[in-house]
file run-v4.txt (compact mmCIF, C-alpha atoms)
# COMPACT_ATOMS: atom_id res chain seq x y z
CA MET A 92 14.68 4.86 10.84
CA LYS A 93 17.60 6.16 12.85
CA ALA A 94 19.42 3.80 15.18
CA CYS A 95 18.99 4.62 18.85
CA GLU A 96 21.97 5.68 20.95
CA PRO A 97 22.52 2.38 22.85
CA CYS A 98 22.92 0.60 19.51
CA VAL A 99 25.68 2.97 18.46
CA THR A 100 27.61 2.56 21.67
CA LYS A 101 26.83 -1.12 22.21
CA PRO A 102 26.18 -2.69 18.81
CA ASP A 103 26.01 -6.17 20.30
CA GLU A 104 22.89 -5.26 22.28
CA TRP A 105 19.33 -4.93 21.06
CA CYS A 106 17.20 -1.81 21.20
CA PHE A 107 13.42 -1.66 21.22
CA SER A 108 12.35 1.88 20.44
CA SER A 109 9.31 1.02 18.30
CA PRO A 110 6.70 -1.78 18.18
CA LEU A 111 8.25 -3.33 15.08
CA GLN A 112 11.72 -3.11 16.57
CA MET A 113 10.39 -5.01 19.55
CA ARG A 114 9.43 -7.75 17.09
CA TYR A 115 12.52 -7.71 14.90
CA GLY A 116 15.36 -6.07 16.81
CA CYS A 117 17.79 -3.27 16.06
CA ALA A 118 17.88 -1.69 12.62
CA MET A 119 21.71 -1.75 12.63
CA THR A 120 21.80 -5.47 11.82
CA SER A 121 21.37 -7.09 8.44
CA LEU A 122 18.11 -8.74 7.59
CA ARG A 123 19.84 -12.12 7.61
CA ASP A 124 21.21 -11.51 11.12
CA THR A 125 17.75 -10.64 12.41
CA TYR A 126 16.17 -13.61 10.65
CA ASP A 127 18.71 -16.00 12.21
CA ARG A 128 18.19 -14.48 15.64
CA LEU A 129 14.42 -14.94 15.43
CA ILE A 130 14.97 -18.58 14.51
CA ASP A 131 17.29 -19.02 17.51
CA GLU A 132 14.61 -17.46 19.73
CA GLY A 133 11.96 -19.81 18.36
CA ARG A 134 9.90 -16.98 16.89
CA LEU A 135 10.47 -18.16 13.31
CA THR A 136 11.05 -21.52 11.68
CA SER A 137 13.95 -21.86 9.27
CA ASP A 138 12.60 -21.81 5.71
CA PRO A 139 15.07 -22.15 2.79
CA ALA A 140 12.69 -20.33 0.44
CA GLN A 141 12.54 -17.32 2.77
CA GLU A 142 16.29 -17.41 3.34
CA ALA A 143 16.91 -17.35 -0.41
CA VAL A 144 15.28 -13.94 -0.82
CA LEU A 145 17.06 -12.22 2.09
CA PRO A 146 20.10 -11.23 -0.04
CA GLU A 147 17.77 -9.34 -2.40
CA PHE A 148 16.46 -7.22 0.46
CA ASP A 149 19.96 -6.56 1.77
CA ARG A 150 21.15 -5.68 -1.77
CA ILE A 151 18.51 -2.95 -2.04
CA ARG A 152 19.09 -1.64 1.47
CA GLU A 153 22.86 -1.42 1.06
CA ALA A 154 22.56 0.40 -2.26
CA LEU A 155 20.15 2.95 -0.83
CA LEU A 156 22.42 3.59 2.15
CA VAL A 157 25.35 4.68 -0.06
CA PRO A 158 25.78 8.45 0.41
CA VAL A 159 25.14 10.52 -2.70
CA LYS A 160 28.18 12.70 -3.40
CA LYS A 161 27.07 16.16 -4.35
CA GLY A 162 28.77 18.34 -6.91
CA LEU A 163 28.08 20.40 -10.00
CA PHE A 164 29.14 17.69 -12.43
CA ARG A 165 28.42 14.62 -10.35
CA LYS A 166 25.72 12.35 -11.68
CA ALA A 167 23.45 10.62 -9.19
CA PRO A 168 24.07 6.87 -9.12
CA GLU A 169 21.55 4.58 -10.75
CA PRO A 170 19.05 3.34 -8.15
CA PRO A 171 19.07 -0.41 -7.51
CA ARG A 172 16.51 -2.64 -9.12
CA GLY A 173 13.51 -3.20 -6.90
CA LEU A 174 11.93 -6.51 -5.98
CA TYR A 175 8.71 -8.21 -7.05
CA LEU A 176 8.19 -11.02 -4.54
CA TRP A 177 5.42 -13.39 -5.49
CA GLY A 178 4.18 -16.73 -4.25
CA GLY A 179 1.36 -18.61 -2.59
CA VAL A 180 -0.71 -17.47 0.33
CA GLY A 181 0.83 -17.55 3.82
CA ARG A 182 4.42 -18.09 2.70
CA GLY A 183 5.78 -15.12 4.65
CA LYS A 184 6.04 -12.45 1.93
CA SER A 185 4.50 -9.65 4.00
CA MET A 186 6.43 -10.67 7.10
CA LEU A 187 9.74 -10.43 5.24
CA MET A 188 8.81 -7.08 3.73
CA ASP A 189 7.90 -5.70 7.17
CA MET A 190 11.31 -6.79 8.47
CA PHE A 191 12.98 -5.14 5.48
CA VAL A 192 11.18 -1.81 5.92
CA GLU A 193 12.05 -1.78 9.60
CA HIS A 194 15.76 -2.14 8.70
CA LEU A 195 15.96 0.84 6.35
CA GLU A 196 17.86 3.02 8.85
CA GLY A 197 16.47 6.43 7.98
CA ILE A 198 15.93 5.85 4.26
CA PRO A 199 12.72 7.74 3.36
CA SER A 200 10.23 5.00 2.66
CA ARG A 201 6.60 4.07 2.85
CA ARG A 202 4.91 0.71 3.32
CA VAL A 203 1.31 0.67 2.03
CA HIS A 204 -1.27 -1.70 0.61
CA PHE A 205 -1.29 -1.39 -3.17
CA HIS A 206 -5.04 -0.77 -3.42
CA ALA A 207 -4.84 2.02 -0.84
CA PHE A 208 -1.94 3.64 -2.70
CA MET A 209 -3.78 3.60 -6.01
CA GLN A 210 -6.82 5.14 -4.31
CA GLU A 211 -4.62 8.00 -3.11
CA ILE A 212 -3.19 8.41 -6.62
CA HIS A 213 -6.66 8.73 -8.16
CA SER A 214 -7.66 11.34 -5.56
CA ALA A 215 -4.45 13.31 -6.11
CA MET A 216 -4.93 13.21 -9.88
CA HIS A 217 -8.47 14.52 -9.45
CA GLU A 218 -7.11 17.49 -7.49
CA ALA A 219 -4.33 18.07 -10.02
CA ARG A 220 -6.82 18.28 -12.88
CA LYS A 221 -8.54 21.14 -11.10
CA THR A 222 -5.40 23.21 -11.68
CA GLY A 223 -5.71 22.79 -15.43
CA VAL A 224 -2.65 20.58 -16.01
CA ASP A 225 -2.59 18.58 -19.22
CA ASP A 226 -1.03 15.51 -17.59
CA ALA A 227 -2.23 14.85 -14.04
CA ILE A 228 0.14 11.91 -13.55
CA ALA A 229 3.32 14.01 -13.77
CA PRO A 230 2.77 16.29 -10.75
CA VAL A 231 1.34 13.44 -8.66
CA ALA A 232 4.33 11.19 -9.37
CA ALA A 233 6.69 14.09 -8.64
CA GLU A 234 5.01 14.66 -5.28
CA VAL A 235 5.38 10.99 -4.33
CA ALA A 236 9.02 10.91 -5.46
CA SER A 237 9.83 14.02 -3.41
CA SER A 238 8.90 12.28 -0.16
CA VAL A 239 10.32 8.75 -0.51
CA LYS A 240 13.24 6.81 -1.94
CA LEU A 241 11.47 3.48 -1.55
CA LEU A 242 7.87 2.32 -1.83
CA ALA A 243 6.92 -1.04 -0.32
CA PHE A 244 3.60 -2.38 -1.56
CA ASP A 245 1.66 -5.25 -0.08
CA GLU A 246 -0.51 -7.39 -2.39
CA MET A 247 -0.03 -5.88 -5.84
CA GLN A 248 -3.17 -6.78 -7.77
CA ILE A 249 -4.74 -5.00 -10.73
CA THR A 250 -8.49 -5.56 -11.03
CA ASP A 251 -9.80 -2.16 -12.08
CA ILE A 252 -9.38 -0.74 -15.59
CA THR A 253 -8.82 2.76 -14.23
CA ASP A 254 -5.76 1.44 -12.36
CA ALA A 255 -4.61 -0.63 -15.31
CA MET A 256 -4.61 2.35 -17.65
CA ILE A 257 -2.38 4.57 -15.50
CA VAL A 258 0.06 2.30 -13.62
CA GLY A 259 2.50 2.07 -16.53
CA ARG A 260 3.02 5.82 -16.86
CA LEU A 261 2.86 6.32 -13.10
CA PHE A 262 5.57 3.77 -12.34
CA GLN A 263 7.74 4.91 -15.25
CA ALA A 264 7.68 8.40 -13.73
CA LEU A 265 8.52 7.04 -10.27
CA PHE A 266 11.36 4.91 -11.57
CA SER A 267 12.73 7.82 -13.61
CA ALA A 268 12.74 9.92 -10.43
CA GLY A 269 14.85 7.27 -8.68
CA VAL A 270 12.16 5.67 -6.53
CA VAL A 271 12.78 2.01 -5.77
CA VAL A 272 9.76 -0.28 -5.53
CA VAL A 273 9.44 -3.49 -3.51
CA THR A 274 6.16 -5.34 -3.71
CA THR A 275 4.53 -8.62 -2.79
CA SER A 276 1.94 -10.38 -4.91
CA ASN A 277 0.16 -13.69 -5.15
CA ARG A 278 0.58 -13.62 -8.94
CA ILE A 279 3.53 -13.80 -11.30
CA PRO A 280 3.78 -10.51 -13.25
CA ASP A 281 2.51 -12.12 -16.47
CA ASP A 282 -0.79 -12.91 -14.72
CA LEU A 283 -1.51 -9.35 -13.53
CA TYR A 284 -4.80 -7.96 -14.89
CA LYS A 285 -5.31 -11.31 -16.62
CA GLN A 286 -8.34 -11.25 -18.95
CA GLY A 287 -8.85 -7.57 -18.10
CA LEU A 288 -10.50 -5.15 -20.51
CA ASN A 289 -8.01 -3.66 -23.02
CA ARG A 290 -5.23 -5.73 -21.45
CA ASN A 291 -2.95 -5.12 -24.45
CA LEU A 292 -2.57 -1.53 -23.22
CA PHE A 293 -1.44 -2.89 -19.86
CA LEU A 294 1.29 -5.22 -21.14
CA PRO A 295 4.07 -2.55 -21.23
CA PHE A 296 3.69 -2.26 -17.45
CA ILE A 297 4.50 -5.96 -17.08
CA GLU A 298 7.66 -5.46 -19.13
CA LEU A 299 8.54 -2.43 -16.99
CA ILE A 300 8.28 -4.57 -13.85
CA LYS A 301 10.66 -7.14 -15.32
CA GLU A 302 13.10 -4.41 -16.36
CA ARG A 303 13.19 -2.37 -13.14
CA MET A 304 12.55 -5.08 -10.53
CA VAL A 305 13.98 -8.50 -9.75
CA VAL A 306 11.14 -11.01 -9.99
CA HIS A 307 11.55 -13.64 -7.28
CA GLU A 308 9.21 -16.50 -6.43
CA LEU A 309 8.91 -17.37 -2.74
CA ALA A 310 8.39 -21.05 -3.43
CA SER A 311 7.97 -22.29 0.12
CA PRO A 312 5.96 -25.52 0.49
CA THR A 313 4.58 -24.30 3.82
CA ASP A 314 1.48 -22.15 4.24
CA TYR A 315 2.18 -20.67 7.67
CA ARG A 316 -1.17 -18.92 7.84
CA GLN A 317 -2.96 -22.20 7.22
CA ASP A 318 -0.83 -23.82 9.91
CA ARG A 319 -1.96 -21.12 12.34
CA LEU A 320 -5.56 -22.01 11.50
CA ALA A 321 -5.05 -25.75 11.85
CA GLY A 322 -7.53 -27.07 14.38
CA THR A 323 -9.11 -23.62 14.79
CA GLN A 324 -12.89 -23.25 14.65
CA VAL A 325 -13.84 -21.01 11.71
CA TYR A 326 -17.66 -20.92 11.93
CA PHE A 327 -19.30 -19.62 15.09
CA THR A 328 -23.01 -19.84 15.85
CA PRO A 329 -25.23 -18.39 17.19
CA VAL A 330 -24.23 -14.72 17.05
CA ASN A 331 -23.71 -13.76 20.69
CA ALA A 332 -21.06 -12.33 22.98
CA GLU A 333 -19.18 -15.63 22.99
CA ALA A 334 -19.05 -15.76 19.18
CA ARG A 335 -17.88 -12.16 18.95
CA ALA A 336 -15.14 -12.81 21.51
CA ALA A 337 -14.06 -15.87 19.54
CA MET A 338 -13.91 -13.84 16.30
CA ASP A 339 -11.86 -11.18 18.10
CA ALA A 340 -9.45 -13.86 19.30
CA VAL A 341 -8.99 -15.27 15.79
CA TRP A 342 -8.33 -11.80 14.37
CA ASN A 343 -5.84 -10.93 17.12
CA ASP A 344 -4.01 -14.22 16.64
CA LEU A 345 -3.79 -14.00 12.84
CA ALA A 346 -3.39 -10.25 12.31
CA GLY A 347 -1.84 -9.11 15.57
CA ASP A 348 -2.87 -5.59 14.59
CA PRO A 349 -6.15 -3.63 14.68
CA GLY A 350 -5.83 -3.07 10.94
CA LYS A 351 -6.91 -0.13 8.83
CA PRO A 352 -9.73 0.34 6.33
CA LEU A 353 -9.06 -0.99 2.84
CA VAL A 354 -10.62 0.90 -0.06
CA LEU A 355 -11.00 -1.02 -3.31
CA ARG A 356 -11.55 0.88 -6.52
CA VAL A 357 -14.07 -1.01 -8.65
CA LYS A 358 -15.41 0.43 -11.91
CA GLY A 359 -14.89 3.96 -10.65
CA ARG A 360 -16.54 3.31 -7.28
CA ASP A 361 -15.08 2.86 -3.82
CA VAL A 362 -15.73 -0.29 -1.81
CA GLU A 363 -14.50 0.01 1.78
CA ILE A 364 -13.61 -2.92 4.02
CA PRO A 365 -13.43 -1.68 7.65
CA GLN A 366 -10.38 -3.66 8.77
CA TYR A 367 -7.40 -4.93 6.80
CA HIS A 368 -3.90 -6.10 7.68
CA ASN A 369 -1.41 -8.24 5.72
CA GLY A 370 -3.93 -9.96 3.47
CA MET A 371 -6.55 -10.40 6.19
CA ALA A 372 -9.80 -8.44 6.22
CA ARG A 373 -12.72 -8.14 8.60
CA ALA A 374 -16.22 -6.75 8.09
CA ARG A 375 -19.75 -7.15 9.36
CA PHE A 376 -22.37 -8.75 7.13
CA HIS A 377 -24.10 -5.40 6.65
CA ASP A 378 -20.85 -3.75 5.52
CA ILE A 379 -20.58 -5.87 2.39
CA CYS A 380 -23.95 -7.55 1.87
CA GLY A 381 -26.26 -4.80 3.12
CA LYS A 382 -25.01 -2.34 0.50
CA PRO A 383 -25.71 -2.36 -3.26
CA LEU A 384 -22.61 -4.28 -4.28
CA GLY A 385 -22.34 -6.68 -7.18
CA PRO A 386 -20.19 -9.52 -8.58
CA ALA A 387 -17.35 -7.20 -9.65
CA ASP A 388 -17.06 -5.85 -6.11
CA TYR A 389 -16.89 -9.30 -4.57
CA LEU A 390 -14.39 -10.49 -7.18
CA ALA A 391 -12.18 -7.49 -6.34
CA LEU A 392 -12.45 -8.33 -2.64
CA ALA A 393 -11.55 -11.96 -3.31
CA GLU A 394 -8.51 -10.81 -5.30
CA ALA A 395 -7.36 -8.43 -2.57
CA VAL A 396 -7.59 -10.63 0.55
CA ARG A 397 -6.56 -14.13 1.54
CA VAL A 398 -8.59 -14.43 4.75
CA LEU A 399 -11.97 -12.77 5.42
CA LEU A 400 -13.57 -12.58 8.86
CA LEU A 401 -17.29 -11.91 8.39
CA ASP A 402 -19.27 -11.02 11.51
CA ASP A 403 -23.00 -11.27 12.25
CA VAL A 404 -24.48 -13.19 9.31
CA PRO A 405 -28.25 -13.17 10.00
CA THR A 406 -30.91 -15.69 9.04
CA LEU A 407 -31.92 -15.09 5.43
CA GLY A 408 -35.25 -15.17 3.61
CA ARG A 409 -38.02 -12.99 2.14
CA SER A 410 -37.35 -10.07 4.46
CA ASN A 411 -33.74 -9.65 3.33
CA PHE A 412 -33.80 -11.32 -0.08
CA ASN A 413 -31.40 -8.83 -1.72
CA GLU A 414 -28.87 -9.24 1.07
CA ALA A 415 -29.17 -13.02 0.74
CA LYS A 416 -28.47 -12.83 -3.00
CA ARG A 417 -25.37 -10.74 -2.34
CA PHE A 418 -24.20 -13.22 0.30
CA VAL A 419 -24.52 -16.05 -2.22
CA THR A 420 -22.45 -14.06 -4.73
CA LEU A 421 -19.86 -13.24 -2.08
CA VAL A 422 -19.47 -16.88 -1.03
CA ASP A 423 -19.11 -17.92 -4.68
CA ALA A 424 -16.35 -15.34 -5.25
CA LEU A 425 -14.48 -16.37 -2.10
CA TYR A 426 -14.87 -20.06 -2.92
CA GLU A 427 -13.54 -19.75 -6.46
CA ALA A 428 -10.58 -17.65 -5.29
CA ARG A 429 -9.84 -20.08 -2.42
CA VAL A 430 -10.13 -17.31 0.16
CA ARG A 431 -10.39 -18.55 3.74
CA LEU A 432 -13.73 -17.50 5.26
CA ILE A 433 -14.17 -17.26 9.03
CA CYS A 434 -17.60 -16.09 10.18
CA SER A 435 -20.13 -15.78 12.95
CA ALA A 436 -23.69 -16.56 11.89
CA ALA A 437 -27.18 -16.84 13.35
CA ALA A 438 -27.43 -20.53 12.41
CA HIS A 439 -25.54 -23.41 10.84
CA PRO A 440 -25.22 -23.16 7.02
CA GLU A 441 -28.14 -25.48 6.29
CA MET A 442 -30.40 -23.48 8.60
CA LEU A 443 -29.53 -19.96 7.42
CA TYR A 444 -32.07 -19.82 4.55
CA LEU A 445 -35.28 -21.72 5.27
CA GLU A 446 -38.08 -19.83 3.52
CA GLY A 447 -38.73 -17.76 0.43
CA GLU A 448 -37.57 -17.70 -3.14
CA GLY A 449 -34.05 -19.02 -3.53
CA THR A 450 -34.20 -21.70 -0.84
CA PHE A 451 -33.25 -24.44 -3.28
CA GLU A 452 -30.41 -22.41 -4.82
CA PHE A 453 -29.02 -21.68 -1.35
CA GLU A 454 -28.32 -25.37 -0.83
CA ARG A 455 -25.16 -24.97 -2.94
CA THR A 456 -24.05 -22.02 -0.81
CA ALA A 457 -24.62 -24.03 2.37
CA SER A 458 -22.58 -26.87 0.91
CA ARG A 459 -19.75 -24.50 0.04
CA LEU A 460 -19.83 -22.97 3.52
CA ARG A 461 -19.46 -26.45 4.97
CA GLU A 462 -16.58 -27.28 2.60
CA MET A 463 -14.82 -24.03 3.42
CA GLN A 464 -14.83 -24.98 7.10
CA ALA A 465 -12.68 -28.05 6.45
CA GLU A 466 -9.15 -28.01 7.84
CA GLY A 467 -6.68 -27.24 5.06
CA TRP A 468 -9.29 -25.71 2.76
CA GLY A 469 -7.91 -22.78 0.79
CA SER A 470 -4.32 -24.03 0.81

call {"tool": "encode", "arguments": {"input": "run-v4.txt", "output": "structure tokens"}}
result
Amino acid sequence: MKACEPCVTKPDEWCFSSPLQMRYGCAMTSLRDTYDRLIDEGRLTSDPAQEAVLPEFDRIREALLVPVKKGLFRKAPEPPRGLYLWGGVGRGKSMLMDMFVEHLEGIPSRRVHFHAFMQEIHSAMHEARKTGVDDAIAPVAAEVASSVKLLAFDEMQITDITDAMIVGRLFQALFSAGVVVVTTSNRIPDDLYKQGLNRNLFLPFIELIKERMVVHELASPTDYRQDRLAGTQVYFTPVNAEARAAMDAVWNDLAGDPGKPLVLRVKGRDVEIPQYHNGMARARFHDICGKPLGPADYLALAEAVRVLLLDDVPTLGRSNFNEAKRFVTLVDALYEARVRLICSAAAHPEMLYLEGEGTFEFERTASRLREMQAEGWGS
């Protein structure tokens, strides 16, 4: 991003030429300067764990801003090591990465959710194969590298074997082309694709991450997202205009952005979640329980999001038995992954499923729905 004219002539003043700049300030300042200013303004709380990672972001930014001297015998400088920022939910990883991307001052870059990026890669490889190339990864990686110097990924997770089998060669090609990668994740690199099929073939990618990226844990004791939810109602019934307005208010408060669709690649199929932003997703009951999805799909969803807003859960029974079974599987996946569930439903958990086969089994789901409503659950 290019600095606006007032910043050049009056560097002590702030410019606001884009929505993110209105949040974070002028791109001419260092990330640390902006972070301190937001603390002074009361928009952030000082967090030593967040402050400890700021020099890594500034290291990358400063290296990428160094002009490349051109000449017949001049060798391009080695790109800086990227950053793999991992840690618990709600610690501020995505917020810091957004600030970093906004301070790149014209460096060609792209900020994208990891699942969405991999979906694009698969589509591009499919098109490349139509041209008869032997290796579809090479031209796709070259195309990506021609447009950016830095890729910023949110929520790196590997759950699909088709992703696992290509990321190593893909990222090696990107790194070789000089692309720098910054990513957030809830997992340490050694836990990526844990217990996945043919994981031994995936292990070189983990070593590549450690070689080409600084691995940094954001070990903050504070879950800021959970703090935002403290005292907030997370189960709204019945489904009516008031409940929908309340769900809208929760989404606007937590996400602060309309969000974009998130496409998860699961066993060669696409599972689309209508709204996603910074680890938070939103969908209607029919979007994810009214379609023929299974346990693998819900596990992938639970891996990809930290908060799920689920609208319009109906009463369940004989007439929608298949949807009820999927809802049970969804709740189990979210529960085991400690994903925060916020929903609007036709009735309280104990009254959702009153007749038909599966009534007894649903008692566990109702119990889990109650437990997941508790303040602090999921932290």

call {"tool": "closest_residue", "arguments": {"input": "run-v4.txt", "among": "A:Arg360, A:Arg182, A:His217, A:Arg431", "to": "Gly385 (chain A)", "atoms": "all atoms listed in the file"}}
result
A:Arg360

call {"tool": "atom_distance", "arguments": {"input": "run-v4.txt", "atom1": "CA of Arg417 (chain A)", "atom2": "CA of Cys380 (chain A)"}}
result
5.5 Å

call {"tool": "atom_distance", "arguments": {"input": "run-v4.txt", "atom1": "CA of Phe262 (chain A)", "atom2": "CA of Val235 (chain A)"}}
result
10.8 Å

call {"tool": "atom_distance", "arguments": {"input": "run-v4.txt", "atom1": "CA of Glu246 (chain A)", "atom2": "CA of Ala264 (chain A)"}}
result
21.1 Å

call {"tool": "residues_around", "arguments": {"input": "run-v4.txt", "residues": "Thr250 (chain A)", "least_positions_apart": "5", "cutoff": "10 Å", "atoms": "all atoms listed in the file", "output": "PyMOL selection string"}}
result
chain A and resi 206+255+283-288+355-358+387-388+390-392+394-395

call {"tool": "residues_around", "arguments": {"input": "run-v4.txt", "residues": "region 322-337 of chain A", "least_positions_apart": "5", "cutoff": "7 Å", "atoms": "only C-alpha atoms", "output": "PDB file with C-alpha atoms, in the frame of the given file"}}
result
ATOM      1  CA  ASP A 403     -23.000 -11.270  12.250  1.00  0.00           C
ATOM      2  CA  ILE A 433     -14.170 -17.260   9.030  1.00  0.00           C
ATOM      3  CA  CYS A 434     -17.600 -16.090  10.180  1.00  0.00           C
ATOM      4  CA  SER A 435     -20.130 -15.780  12.950  1.00  0.00           C
ATOM      5  CA  ALA A 436     -23.690 -16.560  11.890  1.00  0.00           C
ATOM      6  CA  ALA A 437     -27.180 -16.840  13.350  1.00  0.00           C
ATOM      7  CA  ALA A 438     -27.430 -20.530  12.410  1.00  0.00           C
ATOM      8  CA  HIS A 439     -25.540 -23.410  10.840  1.00  0.00           C
ATOM      9  CA  GLN A 464     -14.830 -24.980   7.100  1.00  0.00           C
ATOM     10  CA  GLU A 466      -9.150 -28.010   7.840  1.00  0.00           C
TER      11      GLU A 466
END

call {"tool": "closest_residue", "arguments": {"input": "run-v4.txt", "among": "A:Val159, A:Ala340, A:Met190, A:Leu401", "to": "Thr120 (chain A)", "atoms": "all atoms listed in the file"}}
result
A:Met190

call {"tool": "residues_around", "arguments": {"input": "run-v4.txt", "residues": "Arg201 (chain A)", "least_positions_apart": "3", "cutoff": "9 Å", "atoms": "only C-alpha atoms", "output": "PDB file with C-alpha atoms, in the frame of the given file"}}
result
ATOM      1  CA  VAL A 192      11.180  -1.810   5.920  1.00  0.00           C
ATOM      2  CA  VAL A 239      10.320   8.750  -0.510  1.00  0.00           C
ATOM      3  CA  LYS A 240      13.240   6.810  -1.940  1.00  0.00           C
ATOM      4  CA  LEU A 241      11.470   3.480  -1.550  1.00  0.00           C
ATOM      5  CA  LEU A 242       7.870   2.320  -1.830  1.00  0.00           C
ATOM      6  CA  ALA A 243       6.920  -1.040  -0.320  1.00  0.00           C
ATOM      7  CA  PHE A 244       3.600  -2.380  -1.560  1.00  0.00           C
TER       8      PHE A 244
END

call {"tool": "residues_near_point", "arguments": {"input": "run-v4.txt", "point": "(-0.8, 14.6, -13.8)", "cutoff": "9 Å", "atoms": "all atoms listed in the file", "output": "mmCIF file with C-alpha atoms, keeping the file's coordinate frame"}}
result
data_model
loop_
_atom_site.group_PDB
_atom_site.id
_atom_site.type_symbol
_atom_site.label_atom_id
_atom_site.label_comp_id
_atom_site.auth_asym_id
_atom_site.auth_seq_id
_atom_site.Cartn_x
_atom_site.Cartn_y
_atom_site.Cartn_z
ATOM 1 C CA ALA A 215 -4.450 13.310 -6.110
ATOM 2 C CA MET A 216 -4.930 13.210 -9.880
ATOM 3 C CA HIS A 217 -8.470 14.520 -9.450
ATOM 4 C CA ALA A 219 -4.330 18.070 -10.020
ATOM 5 C CA ARG A 220 -6.820 18.280 -12.880
ATOM 6 C CA VAL A 224 -2.650 20.580 -16.010
ATOM 7 C CA ASP A 225 -2.590 18.580 -19.220
ATOM 8 C CA ASP A 226 -1.030 15.510 -17.590
ATOM 9 C CA ALA A 227 -2.230 14.850 -14.040
ATOM 10 C CA ILE A 228 0.140 11.910 -13.550
ATOM 11 C CA ALA A 229 3.320 14.010 -13.770
ATOM 12 C CA PRO A 230 2.770 16.290 -10.750
ATOM 13 C CA VAL A 231 1.340 13.440 -8.660
ATOM 14 C CA ALA A 232 4.330 11.190 -9.370
#

call {"tool": "residues_near_point", "arguments": {"input": "run-v4.txt", "point": "(-4.5, -2.8, -15.9)", "cutoff": "12 Å", "atoms": "only C-alpha atoms", "output": "ChimeraX atom specification"}}
result
/A:209,247-260,280-297

call {"tool": "residues_around", "arguments": {"input": "run-v4.txt", "residues": "Arg461 (chain A)", "least_positions_apart": "3", "cutoff": "10 Å", "atoms": "all atoms listed in the file", "output": "MDAnalysis selection string"}}
result
chainID A and resid 326 439:441 455:458 464:465

call {"tool": "closest_residue", "arguments": {"input": "run-v4.txt", "among": "A:Arg409, A:Lys160, A:His204, A:Arg303", "to": "Gly350 (chain A)", "atoms": "only C-alpha atoms"}}
result
A:His204

call {"tool": "axis_aligned_box", "arguments": {"input": "run-v4.txt", "around": "region 167-180 of chain A", "padding_each_side": "8 Å", "output": "lines of an AutoDock Vina configuration file"}}
result
center_x = 11.7
center_y = -4.0
center_z = -5.2
size_x = 40.8
size_y = 45.2
size_z = 27.1

call {"tool": "residues_around", "arguments": {"input": "run-v4.txt", "residues": "region 307-310 of chain A", "least_positions_apart": "6", "cutoff": "12 Å", "atoms": "all atoms listed in the file", "output": "PyMOL selection string"}}
result
chain A and resi 138-148+173-185+187+273-280+300-301

call {"tool": "write_last_selection", "arguments": {"input": "run-v4.txt", "atoms": "C-alpha atoms", "output": "short mmCIF file (atom, residue, chain, number, x, y, z; two decimals), keeping the file's coordinate frame"}}
result
data_model
loop_
_atom_site.label_atom_id
_atom_site.label_comp_id
_atom_site.auth_asym_id
_atom_site.auth_seq_id
_atom_site.Cartn_x
_atom_site.Cartn_y
_atom_site.Cartn_z
CA ASP A 138 12.60 -21.81 5.71
CA PRO A 139 15.07 -22.15 2.79
CA ALA A 140 12.69 -20.33 0.44
CA GLN A 141 12.54 -17.32 2.77
CA GLU A 142 16.29 -17.41 3.34
CA ALA A 143 16.91 -17.35 -0.41
CA VAL A 144 15.28 -13.94 -0.82
CA LEU A 145 17.06 -12.22 2.09
CA PRO A 146 20.10 -11.23 -0.04
CA GLU A 147 17.77 -9.34 -2.40
CA PHE A 148 16.46 -7.22 0.46
CA GLY A 173 13.51 -3.20 -6.90
CA LEU A 174 11.93 -6.51 -5.98
CA TYR A 175 8.71 -8.21 -7.05
CA LEU A 176 8.19 -11.02 -4.54
CA TRP A 177 5.42 -13.39 -5.49
CA GLY A 178 4.18 -16.73 -4.25
CA GLY A 179 1.36 -18.61 -2.59
CA VAL A 180 -0.71 -17.47 0.33
CA GLY A 181 0.83 -17.55 3.82
CA ARG A 182 4.42 -18.09 2.70
CA GLY A 183 5.78 -15.12 4.65
CA LYS A 184 6.04 -12.45 1.93
CA SER A 185 4.50 -9.65 4.00
CA LEU A 187 9.74 -10.43 5.24
CA VAL A 273 9.44 -3.49 -3.51
CA THR A 274 6.16 -5.34 -3.71
CA THR A 275 4.53 -8.62 -2.79
CA SER A 276 1.94 -10.38 -4.91
CA ASN A 277 0.16 -13.69 -5.15
CA ARG A 278 0.58 -13.62 -8.94
CA ILE A 279 3.53 -13.80 -11.30
CA PRO A 280 3.78 -10.51 -13.25
CA ILE A 300 8.28 -4.57 -13.85
CA LYS A 301 10.66 -7.14 -15.32
#

call {"tool": "closest_residue", "arguments": {"input": "run-v4.txt", "among": "A:Gly359, A:Asp348, A:Ser137, A:Val396", "to": "Met371 (chain A)", "atoms": "all atoms listed in the file"}}
result
A:Val396

call {"tool": "closest_residue", "arguments": {"input": "run-v4.txt", "among": "A:Thr222, A:Ser237, A:Ser311, A:Thr450", "to": "Phe412 (chain A)", "atoms": "only C-alpha atoms"}}
result
A:Thr450

call {"tool": "closest_residue", "arguments": {"input": "run-v4.txt", "among": "A:Met186, A:Phe376, A:Pro386, A:Ile198", "to": "Pro158 (chain A)", "atoms": "all atoms listed in the file"}}
result
A:Ile198
